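> My structure file query34.txt, compact mmCIF, C-alpha atoms, is below:
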# COMPACT_ATOMS: atom_id res chain seq x y z
CA MET D 1 -8.94 -109.45 106.16
CA THR D 2 -7.70 -109.38 109.74
CA LYS D 3 -9.23 -112.74 110.57
CA PRO D 4 -6.57 -115.43 110.92
CA PRO D 5 -7.06 -118.41 108.61
CA LEU D 6 -8.51 -121.54 110.12
CA THR D 7 -5.85 -124.16 110.20
CA THR D 8 -7.57 -127.46 110.78
CA PRO D 9 -10.82 -129.02 109.55
CA ASP D 10 -11.74 -129.67 113.20
CA GLU D 11 -11.50 -125.97 114.05
CA ARG D 12 -13.63 -125.15 111.06
CA LEU D 13 -16.28 -127.70 112.08
CA ALA D 14 -16.26 -126.39 115.65
CA LEU D 15 -16.91 -122.88 114.35
CA PHE D 16 -19.80 -124.05 112.16
CA GLN D 17 -21.16 -126.07 115.08
CA THR D 18 -21.25 -122.86 117.12
CA MET D 19 -22.83 -120.74 114.41
CA PHE D 20 -25.38 -123.19 112.98
CA SER D 21 -26.36 -125.27 116.00
CA ASP D 22 -25.29 -123.91 119.39
CA ALA D 23 -26.28 -120.31 118.56
CA ILE D 24 -29.69 -121.37 117.19
CA PRO D 25 -31.87 -122.29 120.17
CA HIS D 26 -34.07 -124.84 118.37
CA ASN D 27 -31.14 -126.61 116.71
CA LYS D 28 -29.40 -126.71 120.07
CA ALA D 29 -32.54 -128.11 121.73
CA LEU D 30 -32.64 -130.87 119.10
CA GLY D 31 -28.96 -131.57 119.75
CA ILE D 32 -27.97 -131.09 116.12
CA LYS D 33 -24.33 -131.73 115.30
CA VAL D 34 -22.60 -130.18 112.29
CA VAL D 35 -20.63 -133.06 110.75
CA ALA D 36 -19.32 -131.61 107.47
CA VAL D 37 -19.14 -128.35 105.53
CA ALA D 38 -17.73 -127.21 102.19
CA ARG D 39 -18.68 -124.62 99.57
CA GLY D 40 -22.32 -125.36 98.75
CA LEU D 41 -22.46 -128.43 100.97
CA ALA D 42 -23.59 -129.01 104.53
CA SER D 43 -24.12 -132.09 106.67
CA MET D 44 -25.75 -132.41 110.08
CA GLN D 45 -26.61 -135.24 112.45
CA LEU D 46 -29.60 -135.74 114.74
CA ASP D 47 -29.39 -138.39 117.45
CA TRP D 48 -32.46 -140.43 118.35
CA ARG D 49 -34.09 -139.68 121.67
CA GLU D 50 -37.38 -140.49 123.30
CA GLU D 51 -38.69 -136.90 123.34
CA LEU D 52 -38.52 -136.72 119.54
CA VAL D 53 -40.60 -139.84 118.95
CA GLY D 54 -43.84 -139.55 116.96
CA ASN D 55 -45.10 -143.07 117.57
CA PRO D 56 -44.37 -144.42 121.06
CA GLU D 57 -45.27 -147.98 120.05
CA THR D 58 -42.59 -148.18 117.37
CA GLY D 59 -40.16 -145.55 118.68
CA VAL D 60 -39.99 -143.97 115.22
CA LEU D 61 -39.00 -140.29 115.19
CA ALA D 62 -41.70 -137.74 114.36
CA GLY D 63 -41.45 -135.89 111.08
CA GLY D 64 -40.90 -132.54 112.81
CA PRO D 65 -37.29 -133.03 113.99
CA LEU D 66 -36.32 -134.16 110.49
CA THR D 67 -38.06 -131.15 108.96
CA ALA D 68 -36.21 -128.82 111.34
CA MET D 69 -32.82 -130.43 110.67
CA LEU D 70 -33.33 -130.45 106.88
CA ASP D 71 -34.37 -126.78 106.97
CA GLY D 72 -31.30 -125.90 109.00
CA CYS D 73 -28.97 -128.01 106.87
CA CYS D 74 -30.25 -126.47 103.60
CA GLY D 75 -29.87 -123.02 105.19
CA MET D 76 -26.28 -123.75 106.16
CA ALA D 77 -25.53 -124.86 102.56
CA VAL D 78 -26.95 -121.53 101.36
CA ALA D 79 -24.76 -119.58 103.81
CA THR D 80 -21.63 -121.16 102.31
CA MET D 81 -22.62 -119.81 98.88
CA LEU D 82 -23.55 -116.20 99.67
CA LYS D 83 -21.58 -113.79 97.49
CA LYS D 84 -21.92 -111.11 100.16
CA PRO D 85 -23.08 -111.41 103.78
CA GLU D 86 -26.86 -110.87 103.84
CA PRO D 87 -29.85 -112.15 105.79
CA PHE D 88 -31.95 -114.87 104.14
CA ALA D 89 -35.06 -116.85 104.96
CA THR D 90 -36.71 -120.11 103.93
CA LEU D 91 -39.29 -119.47 101.20
CA ASP D 92 -40.57 -123.03 100.91
CA LEU D 93 -39.55 -126.49 101.93
CA ARG D 94 -40.80 -129.82 100.62
CA ILE D 95 -40.14 -133.03 102.51
CA ASP D 96 -40.73 -136.51 101.11
CA TYR D 97 -40.84 -139.15 103.83
CA ALA D 98 -39.37 -142.13 102.00
CA LYS D 99 -39.47 -144.55 104.94
CA PRO D 100 -39.55 -144.52 108.73
CA ALA D 101 -36.25 -143.76 110.47
CA GLU D 102 -34.96 -146.76 112.42
CA PRO D 103 -35.36 -146.09 116.16
CA GLY D 104 -32.21 -145.63 118.21
CA LYS D 105 -30.03 -144.72 115.24
CA PRO D 106 -28.86 -141.22 114.33
CA VAL D 107 -30.15 -139.52 111.19
CA ILE D 108 -27.69 -137.71 108.92
CA ALA D 109 -28.76 -134.85 106.64
CA GLU D 110 -26.73 -133.89 103.58
CA ALA D 111 -27.69 -130.69 101.79
CA GLU D 112 -26.48 -129.04 98.62
CA CYS D 113 -27.07 -125.48 97.45
CA TYR D 114 -26.94 -126.09 93.69
CA ARG D 115 -27.90 -122.65 92.42
CA ILE D 116 -27.84 -119.17 93.82
CA THR D 117 -29.09 -115.97 92.18
CA ARG D 118 -29.31 -112.40 93.47
CA SER D 119 -32.67 -113.10 95.11
CA VAL D 120 -33.12 -116.86 95.50
CA ALA D 121 -31.05 -119.89 96.49
CA PHE D 122 -32.08 -123.44 95.54
CA THR D 123 -31.22 -126.46 97.68
CA ARG D 124 -31.73 -130.20 97.86
CA ALA D 125 -31.11 -132.53 100.76
CA PHE D 126 -31.37 -136.14 101.79
CA ALA D 127 -31.60 -137.66 105.23
CA HIS D 128 -30.27 -141.19 105.79
CA GLN D 129 -29.04 -143.49 108.53
CA GLY D 130 -25.67 -144.52 107.16
CA ASP D 131 -26.45 -145.44 103.56
CA PRO D 132 -26.99 -142.30 101.44
CA LYS D 133 -28.54 -144.47 98.69
CA ASN D 134 -31.26 -145.54 101.09
CA PRO D 135 -32.72 -142.25 102.39
CA VAL D 136 -35.40 -141.87 105.04
CA ALA D 137 -36.36 -138.45 103.67
CA ALA D 138 -35.64 -136.09 100.80
CA ALA D 139 -36.02 -132.33 100.84
CA ALA D 140 -36.12 -129.44 98.39
CA GLY D 141 -35.87 -125.96 99.84
CA THR D 142 -35.73 -122.49 98.33
CA PHE D 143 -34.47 -119.46 100.20
CA MET D 144 -35.12 -115.75 99.72
CA LEU D 145 -31.96 -113.66 99.96
CA GLY D 146 -31.68 -110.11 101.23
CA THR D 147 -34.55 -110.38 103.68
CA LYS D 148 -34.96 -107.96 106.55
CA GLY D 149 -32.76 -108.23 109.58
CA LYS D 150 -29.15 -107.73 110.47
CA VAL D 151 -26.20 -109.40 108.81
CA THR D 152 -25.07 -112.03 111.27
CA ARG D 153 -21.98 -114.13 111.58
CA PRO D 154 -23.44 -117.20 109.83
CA GLN D 155 -23.98 -115.03 106.75
CA SER D 156 -20.28 -114.23 106.48
CA VAL D 157 -18.91 -117.74 106.31
CA LYS D 158 -17.76 -117.76 102.70
CA ASP D 159 -14.29 -116.52 103.57
CA LEU D 160 -13.92 -119.32 106.09
CA LEU D 161 -14.13 -121.91 103.31
CA LYS D 162 -11.50 -120.53 100.98
CA MET F 163 -50.40 -149.22 113.45
CA SER F 164 -50.52 -147.08 116.56
CA GLY F 165 -53.11 -148.80 118.74
CA ASP F 166 -52.35 -146.48 121.62
CA LEU F 167 -53.12 -143.35 119.64
CA MET F 168 -56.41 -144.85 118.36
CA LYS F 169 -57.30 -145.72 121.98
CA ARG F 170 -56.55 -142.14 123.00
CA LEU F 171 -58.76 -140.98 120.13
CA ALA F 172 -61.70 -143.03 121.45
CA GLU F 173 -61.03 -141.68 124.95
CA ALA F 174 -60.75 -138.10 123.66
CA ARG F 175 -64.09 -138.46 121.85
CA LYS F 176 -65.78 -139.93 124.89
CA ASN F 177 -64.60 -137.06 127.08
CA SER F 178 -64.96 -134.44 124.33
CA ASN F 179 -61.36 -133.51 125.13
CA VAL F 180 -59.32 -133.40 121.96
CA ALA F 181 -56.19 -132.29 123.84
CA LEU F 182 -55.76 -135.93 125.01
CA LEU F 183 -54.49 -136.77 121.50
CA ALA F 184 -51.24 -134.91 122.10
CA GLU F 185 -50.60 -136.89 125.27
CA ALA F 186 -49.88 -140.02 123.23
CA ILE F 187 -47.14 -138.35 121.16
CA PRO F 188 -43.83 -137.63 122.95
CA TYR F 189 -42.71 -135.13 120.28
CA ALA F 190 -45.97 -133.16 120.54
CA LYS F 191 -45.53 -132.91 124.31
CA TRP F 192 -41.89 -131.84 123.99
CA MET F 193 -42.82 -129.18 121.43
CA ARG F 194 -45.92 -128.11 123.41
CA ILE F 195 -48.09 -128.73 120.37
CA ALA F 196 -51.67 -129.73 121.17
CA PRO F 197 -55.08 -129.58 119.51
CA GLU F 198 -57.87 -127.52 121.05
CA ASN F 199 -61.51 -127.14 120.22
CA GLY F 200 -62.68 -123.99 121.96
CA THR F 201 -64.64 -122.47 119.12
CA GLY F 202 -66.03 -125.66 117.63
CA GLU F 203 -63.34 -125.61 114.96
CA LEU F 204 -60.37 -127.87 115.65
CA LEU F 205 -57.25 -125.73 116.04
CA THR F 206 -53.72 -126.78 116.94
CA ARG F 207 -51.61 -124.55 119.14
CA MET F 208 -47.83 -124.51 119.56
CA ARG F 209 -47.20 -122.79 122.88
CA TYR F 210 -44.26 -120.43 122.77
CA HIS F 211 -41.08 -121.35 124.58
CA ASP F 212 -37.54 -120.13 123.99
CA GLU F 213 -36.38 -123.41 122.43
CA LEU F 214 -38.55 -122.70 119.36
CA ILE F 215 -36.35 -119.77 118.29
CA GLY F 216 -34.42 -120.14 115.03
CA ASN F 217 -33.20 -116.56 114.68
CA THR F 218 -32.17 -114.78 117.84
CA PHE F 219 -31.59 -111.44 116.09
CA LEU F 220 -35.13 -110.81 114.81
CA PRO F 221 -36.16 -112.83 116.94
CA ALA F 222 -38.13 -115.43 114.96
CA ILE F 223 -39.42 -118.95 115.44
CA HIS F 224 -37.47 -121.69 113.59
CA GLY F 225 -39.05 -122.56 110.23
CA GLY F 226 -38.68 -126.25 110.96
CA THR F 227 -40.96 -125.94 114.00
CA LEU F 228 -43.63 -124.25 111.87
CA GLY F 229 -43.45 -127.15 109.39
CA ALA F 230 -43.63 -129.58 112.29
CA MET F 231 -46.68 -127.97 113.86
CA LEU F 232 -48.50 -127.72 110.49
CA GLU F 233 -47.86 -131.44 110.06
CA MET F 234 -49.21 -132.15 113.56
CA ALA F 235 -52.24 -129.90 112.86
CA ALA F 236 -52.99 -131.95 109.74
CA ILE F 237 -52.69 -135.23 111.67
CA PHE F 238 -54.91 -134.03 114.54
CA HIS F 239 -57.46 -132.79 112.01
CA LEU F 240 -57.54 -136.16 110.20
CA LEU F 241 -57.87 -138.07 113.48
CA TRP F 242 -60.59 -135.84 114.91
CA GLU F 243 -62.62 -134.76 111.91
CA THR F 244 -62.50 -137.80 109.64
CA GLU F 245 -63.37 -141.42 110.19
CA THR F 246 -59.86 -142.69 109.60
CA PRO F 247 -59.54 -146.29 110.84
CA THR F 248 -55.75 -146.03 111.27
CA VAL F 249 -53.26 -143.33 112.16
CA PRO F 250 -52.62 -141.37 108.94
CA LYS F 251 -49.10 -141.90 107.56
CA ILE F 252 -47.46 -138.82 106.13
CA VAL F 253 -46.05 -139.21 102.62
CA ASN F 254 -44.91 -135.66 101.99
CA ILE F 255 -45.42 -132.05 102.97
CA THR F 256 -44.68 -128.74 101.27
CA VAL F 257 -44.43 -125.72 103.54
CA ASP F 258 -44.64 -122.12 102.30
CA TYR F 259 -43.12 -119.54 104.63
CA LEU F 260 -45.14 -116.34 104.33
CA ARG F 261 -43.96 -114.13 107.19
CA SER F 262 -41.48 -114.42 109.99
CA ALA F 263 -43.09 -115.72 113.18
CA GLY F 264 -42.36 -113.78 116.36
CA PRO F 265 -41.78 -115.17 119.86
CA ARG F 266 -45.45 -115.92 120.55
CA ASP F 267 -47.89 -118.86 120.30
CA VAL F 268 -48.65 -120.19 116.82
CA ILE F 269 -52.13 -121.49 115.95
CA ALA F 270 -52.99 -123.68 112.96
CA SER F 271 -56.12 -124.91 111.23
CA ALA F 272 -56.36 -127.70 108.69
CA LYS F 273 -58.85 -128.86 106.08
CA VAL F 274 -59.11 -131.84 103.78
CA THR F 275 -58.65 -130.75 100.18
CA LYS F 276 -59.23 -134.19 98.71
CA GLN F 277 -60.26 -137.39 100.39
CA GLY F 278 -59.45 -140.51 98.43
CA ARG F 279 -59.83 -144.13 99.45
CA ARG F 280 -56.15 -144.51 100.30
CA MET F 281 -54.72 -140.99 100.01
CA VAL F 282 -55.79 -137.70 101.57
CA ASN F 283 -54.58 -134.21 100.69
CA VAL F 284 -54.68 -131.74 103.57
CA PHE F 285 -54.10 -127.99 103.58
CA ALA F 286 -52.99 -126.35 106.81
CA GLU F 287 -52.40 -122.73 107.73
CA ALA F 288 -50.64 -121.16 110.72
CA TRP F 289 -50.94 -117.67 112.18
CA GLN F 290 -50.16 -115.73 115.34
CA ASP F 291 -52.18 -112.63 116.25
CA ASP F 292 -54.17 -112.16 113.07
CA ARG F 293 -55.66 -115.10 111.21
CA SER F 294 -55.77 -113.09 107.98
CA ARG F 295 -51.99 -112.72 108.11
CA PRO F 296 -50.71 -116.34 108.09
CA VAL F 297 -47.05 -117.00 108.90
CA ALA F 298 -46.92 -120.32 107.02
CA SER F 299 -49.11 -122.74 105.09
CA ALA F 300 -48.62 -126.31 104.00
CA SER F 301 -50.13 -128.99 101.88
CA ALA F 302 -49.49 -132.60 102.74
CA HIS F 303 -50.38 -136.10 101.56
CA PHE F 304 -51.28 -138.86 103.98
CA LEU F 305 -51.92 -142.55 103.42
CA VAL F 306 -54.99 -143.47 105.42
CA GLN F 307 -55.37 -147.13 104.59
CA SER F 308 -52.39 -149.32 103.91
CA ASP F 309 -49.75 -151.00 106.01
CA ASP F 310 -46.89 -151.11 103.56
CA GLU F 311 -46.01 -147.51 103.00
CA PRO F 312 -43.88 -144.71 104.44
CA SER F 313 -44.51 -143.04 107.72
CA ALA F 314 -42.71 -140.81 110.10
CA LEU F 315 -45.38 -141.02 112.76
Re-express the file's structure as structure tokens.

Amino acid sequence: MTKPPLTTPDERLALFQTMFSDAIPHNKALGIKVVAVARGLASMQLDWREELVGNPETGVLAGGPLTAMLDGCCGMAVATMLKKPEPFATLDLRIDYAKPAEPGKPVIAEAECYRITRSVAFTRAFAHQGDPKNPVAAAAGTFMLGTKGKVTRPQSVKDLLK
Amino acid sequence: MSGDLMKRLAEARKNSNVALLAEAIPYAKWMRIAPENGTGELLTRMRYHDELIGNTFLPAIHGGTLGAMLEMAAIFHLLWETETPTVPKIVNITVDYLRSAGPRDVIASAKVTKQGRRMVNVFAEAWQDDRSRPVASASAHFLVQSDDEPSAL
């Protein structure tokens, strides 16, 4: 490989921030931050803001922004596990809304890709506000690998995590 | 729970203007998701804008936004078509992604699969140009009568 190795964890995070949030218009619009990455693991953060509120009387976030972040976070976990760079797409996504997110506080998503086959990747994720044992939402997503489209940079991240 | 939304509902019914429901929800406005009732059937439309894109190479709309608009379609349906005394609280949703959605408006319909005293199961389906070729579908559970349970809305 001609690519120079990434030297610091901060550089690595900055690269994943670019690929999985800044380069994806909806993630960028939500203001998603990539906070951690490792083989099979991904973590993102969504900050509270008024535009994302579902109930103006309580200030509680709508379900949609959490769904979008959990989808993106599970997808990033899949990307870290791809054996070869290939396009993939969400096949299905289940979200359990365990409790309302506390207004004004960021929500953190932590996703794991726990199994990957030639065609399908399986993921789980939780969203919490500081205490992972006390989640606001849980997700289970499956992804279809080798879908149509071009191989893009986010699908070639495995080497970055060696 | 949300008195304002129930007030909007009464107002929307009085004026036969279902689109007023979206006005009470900041996220719906930001996402340009609103119900409409042109054909007599309640439909929910997510108007295309560039911030919906999840894949710039295809290009395709972000899967999370499709899940979000199916959820909103289910809520608008429950508010408008059923006699729910409170704002339905979502418990969970399962979204199936059937086709990639291009950079165009997305329209969704919803129907109640099972109405219980406390719990409702809703099925929602989203499409773009051709209703017989849905881009995503979802089934979701909502609590319709209880103050002690989960809710994102």
> What residues in chain F have any atom no more than 9 Å from chain D when counting all atoms listed in the file, and can you write them as a PyMOL selection string?
chain F and resi 163-167+186-193+212-220+223-231+233-234+252-260+262+311-315
> Keeping only C-alpha atoms, write those residues as a PDB file, keeping the file's coordinate frame.

ATOM      1  CA  MET F 163     -50.400-149.220 113.450  1.00  0.00           C
ATOM      2  CA  SER F 164     -50.520-147.080 116.560  1.00  0.00           C
ATOM      3  CA  GLY F 165     -53.110-148.800 118.740  1.00  0.00           C
ATOM      4  CA  ASP F 166     -52.350-146.480 121.620  1.00  0.00           C
ATOM      5  CA  LEU F 167     -53.120-143.350 119.640  1.00  0.00           C
ATOM      6  CA  ALA F 186     -49.880-140.020 123.230  1.00  0.00           C
ATOM      7  CA  ILE F 187     -47.140-138.350 121.160  1.00  0.00           C
ATOM      8  CA  PRO F 188     -43.830-137.630 122.950  1.00  0.00           C
ATOM      9  CA  TYR F 189     -42.710-135.130 120.280  1.00  0.00           C
ATOM     10  CA  ALA F 190     -45.970-133.160 120.540  1.00  0.00           C
ATOM     11  CA  LYS F 191     -45.530-132.910 124.310  1.00  0.00           C
ATOM     12  CA  TRP F 192     -41.890-131.840 123.990  1.00  0.00           C
ATOM     13  CA  MET F 193     -42.820-129.180 121.430  1.00  0.00           C
ATOM     14  CA  ASP F 212     -37.540-120.130 123.990  1.00  0.00           C
ATOM     15  CA  GLU F 213     -36.380-123.410 122.430  1.00  0.00           C
ATOM     16  CA  LEU F 214     -38.550-122.700 119.360  1.00  0.00           C
ATOM     17  CA  ILE F 215     -36.350-119.770 118.290  1.00  0.00           C
ATOM     18  CA  GLY F 216     -34.420-120.140 115.030  1.00  0.00           C
ATOM     19  CA  ASN F 217     -33.200-116.560 114.680  1.00  0.00           C
ATOM     20  CA  THR F 218     -32.170-114.780 117.840  1.00  0.00           C
ATOM     21  CA  PHE F 219     -31.590-111.440 116.090  1.00  0.00           C
ATOM     22  CA  LEU F 220     -35.130-110.810 114.810  1.00  0.00           C
ATOM     23  CA  ILE F 223     -39.420-118.950 115.440  1.00  0.00           C
ATOM     24  CA  HIS F 224     -37.470-121.690 113.590  1.00  0.00           C
ATOM     25  CA  GLY F 225     -39.050-122.560 110.230  1.00  0.00           C
ATOM     26  CA  GLY F 226     -38.680-126.250 110.960  1.00  0.00           C
ATOM     27  CA  THR F 227     -40.960-125.940 114.000  1.00  0.00           C
ATOM     28  CA  LEU F 228     -43.630-124.250 111.870  1.00  0.00           C
ATOM     29  CA  GLY F 229     -43.450-127.150 109.390  1.00  0.00           C
ATOM     30  CA  ALA F 230     -43.630-129.580 112.290  1.00  0.00           C
ATOM     31  CA  MET F 231     -46.680-127.970 113.860  1.00  0.00           C
ATOM     32  CA  GLU F 233     -47.860-131.440 110.060  1.00  0.00           C
ATOM     33  CA  MET F 234     -49.210-132.150 113.560  1.00  0.00           C
ATOM     34  CA  ILE F 252     -47.460-138.820 106.130  1.00  0.00           C
ATOM     35  CA  VAL F 253     -46.050-139.210 102.620  1.00  0.00           C
ATOM     36  CA  ASN F 254     -44.910-135.660 101.990  1.00  0.00           C
ATOM     37  CA  ILE F 255     -45.420-132.050 102.970  1.00  0.00           C
ATOM     38  CA  THR F 256     -44.680-128.740 101.270  1.00  0.00           C
ATOM     39  CA  VAL F 257     -44.430-125.720 103.540  1.00  0.00           C
ATOM     40  CA  ASP F 258     -44.640-122.120 102.300  1.00  0.00           C
ATOM     41  CA  TYR F 259     -43.120-119.540 104.630  1.00  0.00           C
ATOM     42  CA  LEU F 260     -45.140-116.340 104.330  1.00  0.00           C
ATOM     43  CA  SER F 262     -41.480-114.420 109.990  1.00  0.00           C
ATOM     44  CA  GLU F 311     -46.010-147.510 103.000  1.00  0.00           C
ATOM     45  CA  PRO F 312     -43.880-144.710 104.440  1.00  0.00           C
ATOM     46  CA  SER F 313     -44.510-143.040 107.720  1.00  0.00           C
ATOM     47  CA  ALA F 314     -42.710-140.810 110.100  1.00  0.00           C
ATOM     48  CA  LEU F 315     -45.380-141.020 112.760  1.00  0.00           C
TER      49      LEU F 315
END
> When you draw a straight line from CA of Ala263 (chain F) to CA of Gly200 (chain F), how long is it in Å?
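Distance between the two atoms: 23.0 Å.
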> Would you mind telling me which residue in D:Met144, D:Ala109, D:Pro9, D:Cys74 lies nearest to Lys33 (chain D) when using all atoms listed in the file?
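Ranking D:Met144, D:Ala109, D:Pro9, D:Cys74 by distance to Lys33 (chain D), first place goes to D:Ala109.
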> How far is it from CA of Leu204 (chain F) to CA of Ala222 (chain F), in Å with one decimal?
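Answer for the CA of Leu204 (chain F) to CA of Ala222 (chain F) separation: 25.5 Å.
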> For Asp47 (chain D), find every residue with an atom within 8 Å (counting all atoms listed in the file), except residues of its own chain fewer than 6 positions away, and show them as a VMD selection string.
chain D and resid 31 to 32 104 to 107
> May I ask for the distance between CA of Ser299 (chain F) and CA of Arg279 (chain F), given in Å to one decimal place?
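These two atoms are separated by 24.6 Å.
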> At a cut-off of 10 Å from (-27.0, -119.0, 93.9) in the coordinates of the file, what residues are picked up using all atoms listed in the file, written as a list of chain:residue names?
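Looking at atoms near the point gives D:Gly40, D:Val78, D:Met81, D:Leu82, D:Lys83, D:Cys113, D:Tyr114, D:Arg115, D:Ile116, D:Thr117, D:Arg118, D:Ser119, D:Val120, D:Ala121, D:Phe122, D:Thr123, D:Phe143, D:Leu145.
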